[in-house]
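Pasting entry14.tsv here (TSV, C-alpha atoms):
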```tsv
chain	number	residue	atom	x	y	z
Y	1	MET	CA	3.09	31.93	-6.36
Y	2	ASP	CA	6.59	33.22	-5.67
Y	3	GLU	CA	7.73	29.90	-4.20
Y	4	PRO	CA	7.08	26.53	-5.83
Y	5	ILE	CA	4.57	23.94	-4.77
Y	6	VAL	CA	6.84	21.39	-3.08
Y	7	ILE	CA	5.93	17.70	-3.06
Y	8	VAL	CA	7.87	15.46	-0.68
Y	9	GLY	CA	7.86	11.86	-1.95
Y	10	GLY	CA	8.70	10.25	-5.28
Y	11	GLY	CA	6.16	7.43	-5.34
Y	12	LEU	CA	2.78	7.21	-7.06
Y	13	ALA	CA	1.14	9.71	-4.67
Y	14	GLY	CA	3.82	12.32	-5.28
Y	15	TYR	CA	3.97	11.98	-9.05
Y	16	GLN	CA	0.20	11.69	-9.47
Y	17	SER	CA	-0.28	14.87	-7.43
Y	18	ALA	CA	2.23	16.66	-9.66
Y	19	LYS	CA	0.46	15.43	-12.79
Y	20	GLU	CA	-2.95	16.62	-11.58
Y	21	ILE	CA	-1.63	20.04	-10.55
Y	22	ARG	CA	0.10	20.44	-13.91
Y	23	ARG	CA	-3.07	19.37	-15.73
Y	24	LEU	CA	-4.93	22.29	-14.14
Y	25	ASP	CA	-2.10	24.82	-14.34
Y	26	GLY	CA	0.62	24.69	-16.98
Y	27	GLN	CA	2.78	27.39	-15.44
Y	28	VAL	CA	2.87	27.05	-11.65
Y	29	PRO	CA	6.33	25.92	-10.46
Y	30	ILE	CA	6.38	22.43	-8.94
Y	31	CYS	CA	9.32	20.77	-7.22
Y	32	LEU	CA	9.26	17.11	-6.20
Y	33	ILE	CA	11.85	15.95	-3.66
Y	34	SER	CA	12.62	12.29	-3.07
Y	35	SER	CA	15.01	10.58	-0.68
Y	36	ASP	CA	15.64	7.84	-3.26
Y	37	GLY	CA	16.34	7.86	-6.98
Y	38	ALA	CA	12.75	8.93	-7.80
Y	39	ASP	CA	12.48	6.51	-10.73
Y	40	PHE	CA	8.83	5.72	-11.40
Y	41	TYR	CA	7.60	2.13	-11.10
Y	42	SER	CA	4.44	0.30	-10.12
Y	43	LYS	CA	4.78	-0.59	-6.45
Y	44	PRO	CA	1.88	-3.11	-6.54
Y	45	MET	CA	3.90	-5.13	-9.07
Y	46	LEU	CA	6.52	-5.96	-6.42
Y	47	SER	CA	4.35	-8.72	-4.93
Y	48	ASN	CA	3.81	-10.61	-8.19
Y	49	ALA	CA	6.93	-9.90	-10.23
Y	50	PHE	CA	9.02	-13.01	-9.64
Y	51	ALA	CA	6.87	-15.60	-11.41
Y	52	SER	CA	6.51	-13.29	-14.42
Y	53	GLY	CA	10.29	-12.92	-14.66
Y	54	LYS	CA	10.35	-9.20	-13.83
Y	55	THR	CA	13.75	-8.02	-12.62
Y	56	PRO	CA	14.10	-4.90	-10.45
Y	57	ASP	CA	15.37	-2.90	-13.43
Y	58	SER	CA	12.58	-4.07	-15.73
Y	59	LEU	CA	9.98	-2.83	-13.22
Y	60	ILE	CA	11.12	0.77	-13.75
Y	61	LEU	CA	8.68	2.45	-16.11
Y	62	LYS	CA	10.40	5.84	-16.39
Y	63	ARG	CA	13.52	7.41	-14.97
Y	64	ALA	CA	13.29	10.49	-12.76
Y	65	SER	CA	14.60	12.71	-15.56
Y	66	GLU	CA	11.90	11.43	-17.91
Y	67	MET	CA	9.18	12.11	-15.34
Y	68	ALA	CA	10.48	15.64	-14.79
Y	69	SER	CA	10.45	16.36	-18.51
Y	70	GLU	CA	7.10	14.73	-19.16
Y	71	ILE	CA	5.21	16.54	-16.37
Y	72	GLY	CA	7.16	19.77	-16.53
Y	73	ILE	CA	8.47	19.84	-12.96
Y	74	GLU	CA	11.76	19.92	-11.12
Y	75	VAL	CA	12.73	16.60	-9.54
Y	76	ILE	CA	15.37	16.55	-6.80
Y	77	HIS	CA	16.37	12.98	-5.95
Y	78	GLU	CA	18.58	11.42	-3.31
Y	79	ARG	CA	17.78	14.25	-0.92
Y	80	LYS	CA	16.12	13.75	2.45
Y	81	VAL	CA	13.83	16.36	3.98
Y	82	ASP	CA	14.87	16.75	7.61
Y	83	ALA	CA	12.33	19.25	8.93
Y	84	ILE	CA	9.29	21.36	8.08
Y	85	HIS	CA	9.04	24.95	9.28
Y	86	PRO	CA	5.35	25.91	8.90
Y	87	GLU	CA	5.83	29.41	10.36
Y	88	SER	CA	8.20	30.42	7.55
Y	89	ARG	CA	6.88	28.03	4.89
Y	90	GLU	CA	10.21	26.30	4.50
Y	91	ILE	CA	11.66	22.81	4.60
Y	92	SER	CA	15.19	21.82	5.61
Y	93	THR	CA	17.36	19.38	3.70
Y	94	GLY	CA	21.05	18.59	3.78
Y	95	GLU	CA	21.49	21.41	1.26
Y	96	GLY	CA	19.85	24.05	3.47
Y	97	ARG	CA	16.39	25.57	3.62
Y	98	MET	CA	13.91	25.78	0.76
Y	99	GLY	CA	10.70	27.82	0.60
Y	100	TYR	CA	7.30	26.60	-0.55
Y	101	SER	CA	3.94	28.16	-1.37
Y	102	LYS	CA	2.11	24.91	-0.67
Y	103	LEU	CA	3.57	21.69	0.68
Y	104	VAL	CA	2.37	18.19	-0.19
Y	105	LEU	CA	3.46	15.30	2.01
Y	106	ALA	CA	3.45	12.07	0.01
Y	107	LEU	CA	5.79	10.28	2.41
Y	108	GLY	CA	4.44	6.74	2.10
Y	109	ALA	CA	4.67	4.11	4.82
Y	110	ASP	CA	7.19	1.76	6.40
Y	111	PRO	CA	6.84	-2.01	6.87
Y	112	ILE	CA	5.78	-3.04	10.35
Y	113	ARG	CA	8.70	-4.78	12.03
Y	114	LEU	CA	7.75	-7.50	14.49
Y	115	PRO	CA	10.22	-8.52	17.24
Y	116	VAL	CA	11.45	-11.64	15.48
Y	117	GLU	CA	15.06	-12.67	16.00
Y	118	GLY	CA	17.20	-13.41	12.96
Y	119	GLU	CA	17.45	-12.15	9.40
Y	120	MET	CA	14.10	-11.12	7.96
Y	121	TYR	CA	13.28	-9.36	4.68
Y	122	SER	CA	10.41	-7.04	3.80
Y	123	VAL	CA	9.55	-5.59	0.40
Y	124	ASN	CA	8.25	-2.03	0.35
Y	125	ASP	CA	10.20	-0.48	-2.51
Y	126	LEU	CA	12.43	-1.34	-5.44
Y	127	LEU	CA	15.60	-1.52	-3.33
Y	128	ASP	CA	13.90	-3.95	-0.93
Y	129	TYR	CA	12.80	-6.09	-3.86
Y	130	ARG	CA	16.32	-6.17	-5.25
Y	131	LYS	CA	17.70	-7.39	-1.91
Y	132	PHE	CA	14.96	-10.00	-1.58
Y	133	ARG	CA	15.58	-11.39	-5.07
Y	134	GLN	CA	19.28	-11.67	-4.29
Y	135	ALA	CA	18.43	-13.55	-1.08
Y	136	LEU	CA	16.30	-16.03	-3.05
Y	137	ALA	CA	19.18	-17.09	-5.31
Y	138	GLY	CA	19.78	-20.81	-4.85
Y	139	LYS	CA	17.06	-21.10	-2.17
Y	140	ARG	CA	13.99	-23.33	-2.18
Y	141	ARG	CA	11.93	-22.93	1.00
Y	142	ILE	CA	10.36	-19.53	1.74
Y	143	ALA	CA	8.52	-18.63	4.95
Y	144	ILE	CA	6.15	-15.66	4.85
Y	145	LEU	CA	5.11	-13.88	8.01
Y	146	GLY	CA	1.58	-12.54	7.46
Y	147	ALA	CA	-1.44	-13.91	5.57
Y	148	GLY	CA	-2.89	-10.54	4.64
Y	149	LEU	CA	-3.13	-9.01	1.20
Y	150	ILE	CA	0.62	-8.73	0.48
Y	151	GLY	CA	1.47	-12.01	2.17
Y	152	CYS	CA	-1.05	-13.90	0.04
Y	153	GLU	CA	0.14	-12.20	-3.13
Y	154	PHE	CA	3.77	-13.10	-2.43
Y	155	ALA	CA	2.73	-16.66	-1.56
Y	156	ASN	CA	0.95	-16.99	-4.90
Y	157	ASP	CA	3.89	-15.49	-6.80
Y	158	LEU	CA	6.61	-17.57	-5.16
Y	159	LEU	CA	4.59	-20.79	-5.33
Y	160	SER	CA	4.00	-20.20	-9.05
Y	161	ALA	CA	7.74	-19.64	-9.47
Y	162	GLY	CA	8.47	-23.10	-8.06
Y	163	PHE	CA	9.35	-22.33	-4.43
Y	164	GLU	CA	8.06	-24.18	-1.41
Y	165	VAL	CA	6.03	-21.67	0.57
Y	166	ASP	CA	4.79	-21.61	4.17
Y	167	VAL	CA	2.67	-18.76	5.53
Y	168	PHE	CA	2.38	-17.96	9.24
Y	169	ASP	CA	-0.19	-15.67	10.86
Y	170	ILE	CA	-1.68	-15.07	14.30
Y	171	ALA	CA	-5.12	-14.89	12.63
Y	172	SER	CA	-7.28	-17.92	11.87
Y	173	GLN	CA	-7.52	-17.50	8.06
Y	174	PRO	CA	-5.98	-15.72	5.08
Y	175	LEU	CA	-7.10	-12.12	4.45
Y	176	GLY	CA	-8.64	-12.17	7.91
Y	177	ARG	CA	-9.35	-8.41	8.00
Y	178	LEU	CA	-10.91	-8.32	4.54
Y	179	VAL	CA	-12.93	-11.44	3.78
Y	180	PRO	CA	-15.41	-13.70	5.61
Y	181	PRO	CA	-14.31	-17.18	6.78
Y	182	GLU	CA	-15.98	-18.98	3.87
Y	183	CYS	CA	-13.98	-16.97	1.34
Y	184	GLY	CA	-10.82	-17.46	3.37
Y	185	GLU	CA	-11.38	-21.22	3.26
Y	186	TRP	CA	-11.95	-21.08	-0.51
Y	187	ILE	CA	-8.67	-19.19	-1.01
Y	188	MET	CA	-6.78	-21.78	1.05
Y	189	LYS	CA	-8.15	-24.64	-1.05
Y	190	ARG	CA	-7.23	-22.97	-4.32
Y	191	MET	CA	-3.71	-22.17	-3.09
Y	192	LYS	CA	-3.30	-25.73	-1.89
Y	193	GLY	CA	0.45	-25.82	-2.51
Y	194	VAL	CA	0.97	-23.32	0.31
Y	195	GLY	CA	1.58	-24.54	3.85
Y	196	TRP	CA	-0.81	-22.47	5.97
Y	197	HIS	CA	-0.06	-22.03	9.67
Y	198	PHE	CA	-2.67	-20.03	11.58
Y	199	ASN	CA	-2.90	-18.95	15.21
Y	200	ALA	CA	0.89	-19.10	14.94
Y	201	SER	CA	3.37	-16.58	16.33
Y	202	VAL	CA	6.92	-16.62	14.93
Y	203	THR	CA	9.61	-15.75	17.47
Y	204	ARG	CA	12.89	-16.32	15.64
Y	205	PHE	CA	14.56	-17.53	12.47
Y	206	GLU	CA	17.92	-19.28	12.66
Y	207	GLU	CA	19.87	-22.13	11.08
Y	208	GLY	CA	17.30	-22.72	8.36
Y	209	ARG	CA	14.26	-22.97	10.65
Y	210	VAL	CA	11.38	-20.76	11.67
Y	211	HIS	CA	10.64	-21.12	15.38
Y	212	LEU	CA	7.19	-20.53	16.84
Y	213	ALA	CA	6.03	-19.44	20.27
Y	214	ASP	CA	4.52	-22.87	20.95
Y	215	GLY	CA	7.94	-24.50	20.64
Y	216	SER	CA	7.47	-25.99	17.18
Y	217	SER	CA	9.63	-25.15	14.17
Y	218	HIS	CA	9.55	-25.43	10.37
Y	219	ALA	CA	12.26	-25.55	7.74
Y	220	ALA	CA	12.87	-22.38	5.76
Y	221	ASP	CA	15.74	-20.81	3.81
Y	222	VAL	CA	14.43	-17.23	3.73
Y	223	LEU	CA	11.94	-15.35	5.93
Y	224	LEU	CA	9.81	-12.60	4.39
Y	225	SER	CA	7.75	-10.29	6.60
Y	226	ALA	CA	4.47	-9.04	5.11
Y	227	VAL	CA	2.46	-7.99	8.15
Y	228	GLY	CA	1.43	-4.54	7.00
Y	229	LEU	CA	2.54	-0.93	6.86
Y	230	VAL	CA	2.69	2.00	9.27
Y	231	PRO	CA	2.34	5.55	7.84
Y	232	ARG	CA	5.41	7.76	8.00
Y	233	THR	CA	4.40	10.52	10.40
Y	234	LYS	CA	7.61	11.60	12.16
Y	235	LEU	CA	8.32	14.55	9.88
Y	236	ALA	CA	4.77	15.81	10.38
Y	237	LEU	CA	4.75	15.20	14.13
Y	238	ASP	CA	8.03	17.08	14.57
Y	239	ALA	CA	6.44	20.04	12.76
Y	240	GLY	CA	3.42	20.00	15.06
Y	241	LEU	CA	0.92	18.58	12.56
Y	242	ALA	CA	-1.96	16.52	13.94
Y	243	CYS	CA	-1.44	12.80	13.47
Y	244	GLY	CA	-3.27	9.65	14.48
Y	245	ARG	CA	-2.53	6.44	12.65
Y	246	GLY	CA	-1.42	8.69	9.79
Y	247	ILE	CA	-1.16	12.40	9.03
Y	248	ARG	CA	-4.69	13.65	9.53
Y	249	VAL	CA	-6.35	15.56	6.71
Y	250	ASN	CA	-9.77	17.11	6.27
Y	251	GLU	CA	-12.11	16.79	3.29
Y	252	PHE	CA	-9.86	19.18	1.35
Y	253	LEU	CA	-6.74	17.11	2.12
Y	254	GLN	CA	-5.39	19.86	4.36
Y	255	THR	CA	-3.48	18.92	7.46
Y	256	SER	CA	-3.90	20.88	10.70
Y	257	VAL	CA	-1.74	23.54	8.98
Y	258	GLY	CA	-3.73	24.83	6.03
Y	259	ASP	CA	-0.86	25.27	3.56
Y	260	ILE	CA	0.34	21.71	4.10
Y	261	HIS	CA	-1.49	18.77	2.51
Y	262	ALA	CA	-0.98	15.00	2.74
Y	263	ILE	CA	-1.84	12.18	0.38
Y	264	GLY	CA	-1.25	8.46	-0.10
Y	265	ASP	CA	-0.07	5.86	2.38
Y	266	CYS	CA	0.94	8.47	4.98
Y	267	MET	CA	-2.52	10.08	5.07
Y	268	GLU	CA	-5.37	9.45	7.51
Y	269	PHE	CA	-8.88	10.51	6.44
Y	270	GLU	CA	-11.93	10.02	8.64
Y	271	GLY	CA	-10.00	7.57	10.77
Y	272	MET	CA	-8.93	5.46	7.77
Y	273	VAL	CA	-5.57	4.84	6.14
Y	274	LEU	CA	-5.91	3.67	2.55
Y	275	PRO	CA	-2.71	2.08	1.20
Y	276	PHE	CA	-4.09	1.32	-2.25
Y	277	VAL	CA	-3.78	2.78	-5.75
Y	278	MET	CA	-7.37	3.89	-6.38
Y	279	PRO	CA	-7.63	6.17	-3.31
Y	280	ILE	CA	-4.49	7.96	-4.52
Y	281	MET	CA	-5.93	8.46	-8.00
Y	282	HIS	CA	-9.12	10.00	-6.61
Y	283	ALA	CA	-7.42	12.02	-3.87
Y	284	SER	CA	-4.87	13.56	-6.25
Y	285	LYS	CA	-7.63	15.24	-8.28
Y	286	ALA	CA	-9.13	16.85	-5.18
Y	287	LEU	CA	-5.72	17.81	-3.85
Y	288	ALA	CA	-4.70	19.56	-7.07
Y	289	SER	CA	-7.93	21.50	-7.25
Y	290	ASN	CA	-7.71	22.63	-3.62
Y	291	ILE	CA	-4.06	23.64	-3.85
Y	292	LEU	CA	-4.89	25.87	-6.83
Y	293	GLY	CA	-7.75	27.56	-4.98
Y	294	LYS	CA	-10.78	25.68	-6.34
Y	295	GLU	CA	-12.46	23.79	-3.52
Y	296	MET	CA	-13.17	20.12	-4.15
Y	297	LYS	CA	-14.21	17.85	-1.32
Y	298	LEU	CA	-12.59	14.45	-1.09
Y	299	ALA	CA	-15.14	11.73	-1.76
Y	300	PHE	CA	-14.30	8.13	-2.49
Y	301	PRO	CA	-16.57	5.94	-4.65
Y	302	PRO	CA	-16.63	2.19	-4.01
Y	303	MET	CA	-13.09	0.98	-4.74
Y	304	PRO	CA	-12.91	-2.83	-5.07
Y	305	VAL	CA	-9.44	-4.25	-4.42
Y	306	VAL	CA	-8.27	-6.93	-6.86
Y	307	VAL	CA	-6.11	-9.37	-4.92
Y	308	LYS	CA	-3.25	-10.48	-7.18
Y	309	THR	CA	-3.60	-14.20	-6.52
Y	310	PRO	CA	-4.28	-15.83	-9.91
Y	311	LEU	CA	-4.43	-19.25	-8.23
Y	312	ALA	CA	-7.40	-17.95	-6.21
Y	313	PRO	CA	-8.95	-14.96	-8.02
Y	314	THR	CA	-10.41	-12.62	-5.40
Y	315	VAL	CA	-11.94	-9.15	-5.35
Y	316	VAL	CA	-12.95	-7.46	-2.11
Y	317	CYS	CA	-14.68	-4.18	-1.33
Y	318	PRO	CA	-14.72	-4.26	2.48
Y	319	PRO	CA	-17.26	-2.27	4.49
Y	320	LYS	CA	-16.09	0.86	6.26
Y	321	PRO	CA	-14.80	0.18	9.79
Y	322	GLY	CA	-17.44	0.34	12.49
Y	323	LEU	CA	-20.48	-0.41	10.33
Y	324	ASP	CA	-22.96	-2.90	11.77
Y	325	GLY	CA	-23.85	-5.86	9.61
Y	326	ALA	CA	-22.97	-9.43	8.71
Y	327	TRP	CA	-21.54	-11.40	5.81
Y	328	HIS	CA	-23.94	-13.53	3.76
Y	329	THR	CA	-22.14	-16.05	1.57
Y	330	GLU	CA	-23.13	-18.43	-1.20
Y	331	GLY	CA	-21.23	-20.48	-3.76
Y	332	GLY	CA	-19.06	-23.54	-4.11
Y	333	GLU	CA	-15.88	-24.88	-5.67
Y	334	GLU	CA	-15.98	-22.63	-8.73
Y	335	GLY	CA	-16.51	-19.42	-6.83
Y	336	MET	CA	-17.88	-17.62	-3.78
Y	337	LYS	CA	-20.04	-14.49	-3.49
Y	338	SER	CA	-20.32	-12.82	-0.12
Y	339	LEU	CA	-22.24	-9.63	0.63
Y	340	PHE	CA	-21.89	-7.60	3.81
Y	341	LEU	CA	-25.44	-6.53	4.61
Y	342	GLY	CA	-26.51	-3.88	7.08
Y	343	GLU	CA	-29.91	-2.76	8.27
Y	344	GLU	CA	-32.84	-3.70	6.02
Y	345	GLY	CA	-30.50	-5.74	3.87
Y	346	LYS	CA	-28.52	-2.78	2.53
Y	347	MET	CA	-25.24	-3.88	0.92
Y	348	LEU	CA	-22.24	-2.23	2.55
Y	349	GLY	CA	-19.44	-4.32	1.05
Y	350	PHE	CA	-18.69	-7.49	-0.87
Y	351	CYS	CA	-16.16	-10.25	-1.51
Y	352	LEU	CA	-16.00	-12.23	-4.75
Y	353	CYS	CA	-13.92	-15.33	-5.47
Y	354	GLY	CA	-13.37	-17.40	-8.60
Y	355	LYS	CA	-16.02	-17.02	-11.29
Y	356	ALA	CA	-17.94	-14.57	-9.11
Y	357	VAL	CA	-15.30	-11.85	-9.73
Y	358	SER	CA	-17.14	-11.12	-12.99
Y	359	GLU	CA	-19.79	-9.37	-10.87
Y	360	LYS	CA	-17.32	-6.77	-9.56
Y	361	ASN	CA	-18.42	-3.81	-11.65
Y	362	ALA	CA	-22.14	-4.46	-11.23
Y	363	LEU	CA	-21.85	-4.75	-7.46
Y	364	ALA	CA	-19.63	-1.66	-7.26
Y	365	ARG	CA	-22.30	0.34	-9.12
Y	366	THR	CA	-24.97	-0.96	-6.76
Y	367	LEU	CA	-22.83	-0.12	-3.75
Y	368	GLY	CA	-22.17	3.36	-5.11
```
Would it be possible to restate this file's structure as structure tokens?
Amino acid sequence: MDEPIVIVGGGLAGYQSAKEIRRLDGQVPICLISSDGADFYSKPMLSNAFASGKTPDSLILKRASEMASEIGIEVIHERKVDAIHPESREISTGEGRMGYSKLVLALGADPIRLPVEGEMYSVNDLLDYRKFRQALAGKRRIAILGAGLIGCEFANDLLSAGFEVDVFDIASQPLGRLVPPECGEWIMKRMKGVGWHFNASVTRFEEGRVHLADGSSHAADVLLSAVGLVPRTKLALDAGLACGRGIRVNEFLQTSVGDIHAIGDCMEFEGMVLPFVMPIMHASKALASNILGKEMKLAFPPMPVVVKTPLAPTVVCPPKPGLDGAWHTEGGEEGMKSLFLGEEGKMLGFCLCGKAVSEKNALARTLG
């Protein structure tokens, strides 16, 4: 390859793709470009770092220079890619055009921003976390917008760190898109120090109060938004690549332009976006093989998600969207086990709480 393989994005998806390509080929030139400092850290740790005393700097596992040396790649940081030119196999940055043999888009996702008036924080990267920690200094009452995965993890973390925490969501339970009502109720009871406010729409935050659409309000010093992510697709759309919720890829992780691939939070595969670690780890192996000319179809095994809520241990492996079936739940105070069963009682997903999380591996094997 006369031109390097260029990877756009300095998060887990970008670095893991570089590692897998290098594992298969020790010589091919690889260049990773990141709009930030490209230091490597564990993004999932952001939602449970406060109670464990992790500072923003202590979350950094390796500096960009260390990653470049370790993998054997070029890392260009603090440089934004402005455009993709598929016809000439080039990208544009503030420093001019750069050619590529293959292009990997590992662009990540942005926090969804709801139309709430007033100052509101979100945590999607290390810089966001630094700003949020600074905002917490000397504060006591934290309001969290969103009772999904990240909202519940932040609630657990901040409650364990001694803050007063209120969570607001338009849904009727925590983890509403992932777990059945019985498991949601169990989680609420175990995280009993949290003030849960469901079927609630926040409209503004001012003068130390969160105001709701129904006219009520609640005291709060800081408002954190954790209502989900939206894949970064603008760069791809401007280049004419097919996008839906994310950048669409086929079973070989190719976009609608064959020499351009996508992976991670920005990617859409079979109608799904998968903003988790395990899909990236599996996808990066297939991506590396395909980029180097050895076809490998993308296939995901069952990938249970461990919710980082030590107060209410939970593991969920949700069914694929659109599958017909129903949750069947059993258990009590010490734990809940819920199976999503389809036709003829076939298990299509599961949710485990408390002591039942010990069954994770066995159920994942059965599901597989």
Enter the distance from atom CA of Y:Gly293 to atom CA of Y:Lys19, in Å, rounded to one decimal.
->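 Computed distance, atom CA of Y:Gly293 to atom CA of Y:Lys19, equals 16.6 Å.
From atom CA of Y:Val28 back to atom CA of Y:Gln16, the distance works out to 15.7 Å.
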Would you mind listing what lies within 10 Å of Y:Asp238 as JSON, numbers by chain, with all atoms listed in the file counted and same-chain residues fewer than 2 positions away left out?
-> {"Y": [82, 83, 84, 85, 233, 234, 235, 236, 240, 241]}
Write out as a PyMOL selection string the residues lying within 12 Å of stretch 176-186 of chain Y, counting all atoms listed in the file and excluding same-chain residues fewer than 5 positions away.
-> chain Y and resi 146-149+151-152+169-171+191-192+196+198-199+227-228+304-307+311-321+326-340+349-354+356
Take atom CA of Y:Gly96 and atom CA of Y:Gln254 and report the distance between them in Å, one decimal.
-> 25.6 Å
Find the residues near Y:Ser217: any atom within 12 Å, counting all atoms listed in the file, skip ones fewer than 6 places away on the same chain, and give them as a PyMOL selection string.
-> chain Y and resi 143+166+168+197+200-211
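With only C-alpha atoms as the basis for measurement, Y:Ala226 is the residue among Y:Ala226, Y:Val6, Y:Ile91, Y:Ile33 that approaches Y:Ile112 most closely.
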Hey, can I get the axis-aligned box for stretch 257-266 of chain Y? All listed atoms, 6 Å padding on each side, centre and edge lengths in Å to one decimal, as JSON.
```
{"center_x": -1.4, "center_y": 15.6, "center_z": 4.4, "size_x": 16.7, "size_y": 31.4, "size_z": 21.1}
```
Go through Y:Ala68, Y:Val165, Y:Met188, Y:Ala299 and flag the residue nearest Y:Gly368, using only C-alpha atoms for the distances.
-> Y:Ala299
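Among the candidates Y:Val81, Y:Lys346, Y:Ser58, Y:Ile76, the one nearest to Y:Thr366 when counting only C-alpha atoms is Y:Lys346.
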Would you kindly identify which residues have an atom no farther than 8 Å from (17.4, 14.2, 2.5), using all atoms listed in the file and the file's own coordinates, and write them out as a list of chain:residue names?
-> Y:Ser34, Y:Ser35, Y:Glu78, Y:Arg79, Y:Lys80, Y:Val81, Y:Asp82, Y:Thr93, Y:Gly94
Using all atoms listed in the file, determine which residues lie at most 10 Å from Y:Asn290, disregarding the query and same-chain residues fewer than 3 positions distant; provide the list as a PyMOL selection string.
-> chain Y and resi 21+252-254+261+284-287+293-298
Nearest to Y:Asn124 among Y:Ser17, Y:Ser358, Y:Asn250, Y:Ser47, with distances taken over all atoms listed in the file: which residue is it?
->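 Closest to Y:Asn124, using all atoms listed in the file: Y:Ser47.
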Contacts of Y:Ser256 within 8 Å, all atoms listed in the file, excl. fewer than 6 positions in-chain, as a count of residues only = 4
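Minimum atom-to-atom distance to Y:Arg22, evaluated using all atoms listed in the file, belongs to Y:Gly72 out of Y:Pro4, Y:Gly72, Y:Gly244, Y:Pro275.
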Nearest to Y:Arg130: which of Y:Met278, Y:Val167, Y:Leu175, Y:Leu46 is it, counting all atoms listed in the file?
->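 Residue with the minimum atom-to-atom distance to Y:Arg130: Y:Leu46.
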Where atoms are absent from stretch 341-355 of chain Y, fill them in so it carries N, CA and C atoms, then output it as a PDB file, in the frame of the given file.
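The resulting result_0.pdb:
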```pdb
ATOM      1  N   LEU Y 341     -24.150  -7.194   4.588  1.00  0.00           N
ATOM      2  CA  LEU Y 341     -25.440  -6.530   4.610  1.00  0.00           C
ATOM      3  C   LEU Y 341     -25.696  -5.867   5.954  1.00  0.00           C
ATOM      4  N   GLY Y 342     -26.176  -4.621   5.883  1.00  0.00           N
ATOM      5  CA  GLY Y 342     -26.510  -3.880   7.080  1.00  0.00           C
ATOM      6  C   GLY Y 342     -28.001  -3.900   7.341  1.00  0.00           C
ATOM      7  N   GLU Y 343     -28.491  -2.836   7.947  1.00  0.00           N
ATOM      8  CA  GLU Y 343     -29.910  -2.760   8.270  1.00  0.00           C
ATOM      9  C   GLU Y 343     -30.768  -2.826   7.012  1.00  0.00           C
ATOM     10  N   GLU Y 344     -31.885  -3.537   7.120  1.00  0.00           N
ATOM     11  CA  GLU Y 344     -32.840  -3.700   6.020  1.00  0.00           C
ATOM     12  C   GLU Y 344     -32.195  -4.277   4.768  1.00  0.00           C
ATOM     13  N   GLY Y 345     -31.134  -5.054   4.979  1.00  0.00           N
ATOM     14  CA  GLY Y 345     -30.500  -5.740   3.870  1.00  0.00           C
ATOM     15  C   GLY Y 345     -29.692  -4.867   2.943  1.00  0.00           C
ATOM     16  N   LYS Y 346     -29.313  -3.663   3.378  1.00  0.00           N
ATOM     17  CA  LYS Y 346     -28.520  -2.780   2.530  1.00  0.00           C
ATOM     18  C   LYS Y 346     -27.097  -3.296   2.399  1.00  0.00           C
ATOM     19  N   MET Y 347     -26.596  -3.392   1.155  1.00  0.00           N
ATOM     20  CA  MET Y 347     -25.240  -3.880   0.920  1.00  0.00           C
ATOM     21  C   MET Y 347     -24.229  -2.802   1.265  1.00  0.00           C
ATOM     22  N   LEU Y 348     -23.263  -3.159   2.112  1.00  0.00           N
ATOM     23  CA  LEU Y 348     -22.240  -2.230   2.550  1.00  0.00           C
ATOM     24  C   LEU Y 348     -20.842  -2.634   2.109  1.00  0.00           C
ATOM     25  N   GLY Y 349     -20.725  -3.826   1.522  1.00  0.00           N
ATOM     26  CA  GLY Y 349     -19.440  -4.320   1.050  1.00  0.00           C
ATOM     27  C   GLY Y 349     -19.634  -5.676   0.411  1.00  0.00           C
ATOM     28  N   PHE Y 350     -18.570  -6.176  -0.252  1.00  0.00           N
ATOM     29  CA  PHE Y 350     -18.690  -7.490  -0.870  1.00  0.00           C
ATOM     30  C   PHE Y 350     -17.331  -8.139  -1.040  1.00  0.00           C
ATOM     31  N   CYS Y 351     -17.356  -9.461  -1.203  1.00  0.00           N
ATOM     32  CA  CYS Y 351     -16.160 -10.250  -1.510  1.00  0.00           C
ATOM     33  C   CYS Y 351     -16.542 -11.260  -2.574  1.00  0.00           C
ATOM     34  N   LEU Y 352     -15.738 -11.335  -3.631  1.00  0.00           N
ATOM     35  CA  LEU Y 352     -16.000 -12.230  -4.750  1.00  0.00           C
ATOM     36  C   LEU Y 352     -14.785 -13.099  -5.001  1.00  0.00           C
ATOM     37  N   CYS Y 353     -15.014 -14.385  -5.202  1.00  0.00           N
ATOM     38  CA  CYS Y 353     -13.920 -15.330  -5.470  1.00  0.00           C
ATOM     39  C   CYS Y 353     -14.236 -16.152  -6.712  1.00  0.00           C
ATOM     40  N   GLY Y 354     -13.192 -16.540  -7.448  1.00  0.00           N
ATOM     41  CA  GLY Y 354     -13.370 -17.400  -8.600  1.00  0.00           C
ATOM     42  C   GLY Y 354     -14.232 -16.752  -9.679  1.00  0.00           C
ATOM     43  N   LYS Y 355     -15.180 -17.520 -10.204  1.00  0.00           N
ATOM     44  CA  LYS Y 355     -16.020 -17.020 -11.290  1.00  0.00           C
ATOM     45  C   LYS Y 355     -16.862 -15.818 -10.882  1.00  0.00           C
TER      46      LYS Y 355
END
```
